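To keep things clear, I will list the structure first and then write my remarks on it.
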Amino acid sequence: MKIIDTHCHLNVDDFIDKEQYIKEALENNVSAIFNNGDSFESLSEIIKLKREFPDFCHAVLGIHPEYANNGDDYLFQSLKYIEEHLSEIDAIGEIGLDYHYDKSEETKKNQEKYFREQIRFAKKHNLPIVIHSRDASYDTYKIVVEENIKKIDLHCYSSSLEIAEEYLRYSDQVYFGIGGVITFKNAKTLVSIVNNISLDHLLTETDSPYLAPVPHRGEKNESKYLPLIIKKISEIKMMNQEEASNILYNNAKRFYNVR
Ligand SMILES: [Zn+2]
């Protein structure tokens, strides 16, 4: 069994012992992780991890919507940094819209600008994107379709089955990131999404250090917990765990274009 953590943030916790984290992930069949950017500062941290652990840590760079009020120069400097490191990255992310804490029109406008600019950047360099979308399902979908970007990972997917089906009609290169939330007791909508959508369109992720699966809910999340998520997905799909795991592994390789 081989597993890829398609979305995590090993850079955010200075106190974590990276070697130990990687050792325990490998012991649990996790062979690679994709660290996703959020702030400008995170970009160089992720590149540093990739250089330090080239066989294990991969780099996805982008600016999270929570930084979208930082102005044009912040975005410009970020894209400049990303452009200088194109040969070391596999996608642009995480980018998107998040109306959870701030629903003001100005913030929405700024987030839209950051999102559209980064999508255009990804298209220019022929890279897939990793999308963060929270309480902004319709606007996210609308921008994706208007910008006409086809290869996307809707990380930690939390919208409806109807919107998921819309995405799949729009593009056959859409993937839905499934993480610890699938193991939560109240995850009825997500369970029905996993049940209804082809396994070929799902990706395994932890979003570590956030959103640890049951029975570790509330603790610090780690890539080594991914087998718990695969177990749950294979139960929903009524499939053999090994078989489900192989399909999910190949999905991740296909999405990130890794050999
Ligand atoms: Zn994330």
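Lettering and numbering for the structure tokens are positional, with chains as A, B, ... in the shown order, residues counted from 1 in each chain, and ligands counted from 1 in the shown order.
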I'd like to know which residues of region 97-151 of chain A are helix (DSSP H, G or I) (by DSSP, run on the backbone); could you write them as a PyMOL selection string? chain A and resi 105-124+137-147
Distance query Phe40 (chain A) at most 10 Å, only C-alpha atoms, self and fewer than 5 positions along chain excluded, as a VMD selection string: chain A and resid 45 61 to 64 67 74 to 75 77 to 79 81 to 82
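You can rank A:Thr6, A:Asn110, A:Asn257, A:Asn126 by their closest distance to ligand 1 using only C-alpha atoms and all ligand atoms, and at the top of that list sits A:Thr6.
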Nearby residues, ligand 1, 9 Å, only C-alpha atoms and all ligand atoms, as a VMD selection string: chain A and resid 7 to 9 35 to 38 64 93 to 94 132 155 to 156 206 to 210
Do a neighbour search on region 138-153 of chain A at 6 Å with only C-alpha atoms, toss out local chain neighbours closer than 2 positions, and write the hits as a count of residues only. 11
Give me the residues near region 111-113 of chain A as a PDB file with N, CA and C atoms, in the first residue's frame, where near means some atom within 6 Å (using only C-alpha atoms) and where sequence neighbours in that chain fewer than 5 positions away do not count.
ATOM      1  N   PRO A  65      -6.621  32.891   0.722  1.00  0.00           N
ATOM      2  CA  PRO A  65      -7.492  34.080   0.715  1.00  0.00           C
ATOM      3  C   PRO A  65      -7.432  34.917   1.995  1.00  0.00           C
ATOM      4  N   ALA A  68      -5.606  38.141   1.521  1.00  0.00           N
ATOM      5  CA  ALA A  68      -5.964  38.935   0.341  1.00  0.00           C
ATOM      6  C   ALA A  68      -6.138  40.421   0.624  1.00  0.00           C
ATOM      7  N   LEU A  97     -11.358  31.296  -1.957  1.00  0.00           N
ATOM      8  CA  LEU A  97     -12.235  32.257  -1.282  1.00  0.00           C
ATOM      9  C   LEU A  97     -12.622  31.714   0.087  1.00  0.00           C
TER      10      LEU A  97
END
Find the residues around Gly180 (chain A) up to 6 Å (only C-alpha atoms counted), leave out those fewer than 4 positions away in its own chain, and share them as a PDB file with N, CA and C atoms, in the first residue's frame.
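To be explicit, this is the file written out as selection_12.pdb:
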ATOM      1  N   LEU A 211      -7.378  19.428  11.579  1.00  0.00           N
ATOM      2  CA  LEU A 211      -8.405  18.456  11.213  1.00  0.00           C
ATOM      3  C   LEU A 211      -8.009  16.982  11.331  1.00  0.00           C
ATOM      4  N   ALA A 212      -7.477  16.601  12.486  1.00  0.00           N
ATOM      5  CA  ALA A 212      -7.090  15.199  12.690  1.00  0.00           C
ATOM      6  C   ALA A 212      -8.312  14.283  12.663  1.00  0.00           C
ATOM      7  N   PRO A 213      -8.153  13.083  12.065  1.00  0.00           N
ATOM      8  CA  PRO A 213      -9.283  12.142  11.998  1.00  0.00           C
ATOM      9  C   PRO A 213      -9.573  11.508  13.363  1.00  0.00           C
TER      10      PRO A 213
END
Taking only region 27-249 of chain A into account, list the residues labelled strand (DSSP E or B) by DSSP (computed from the backbone), as a ChimeraX atom specification. /A:30-36,57-61,89-98,129-134,152-154,174-178,202-204
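The closest residue to Lys23 (chain A), picked from A:Glu242, A:Tyr157, A:Lys231, A:Ser223 and counting only C-alpha atoms, is A:Ser223.
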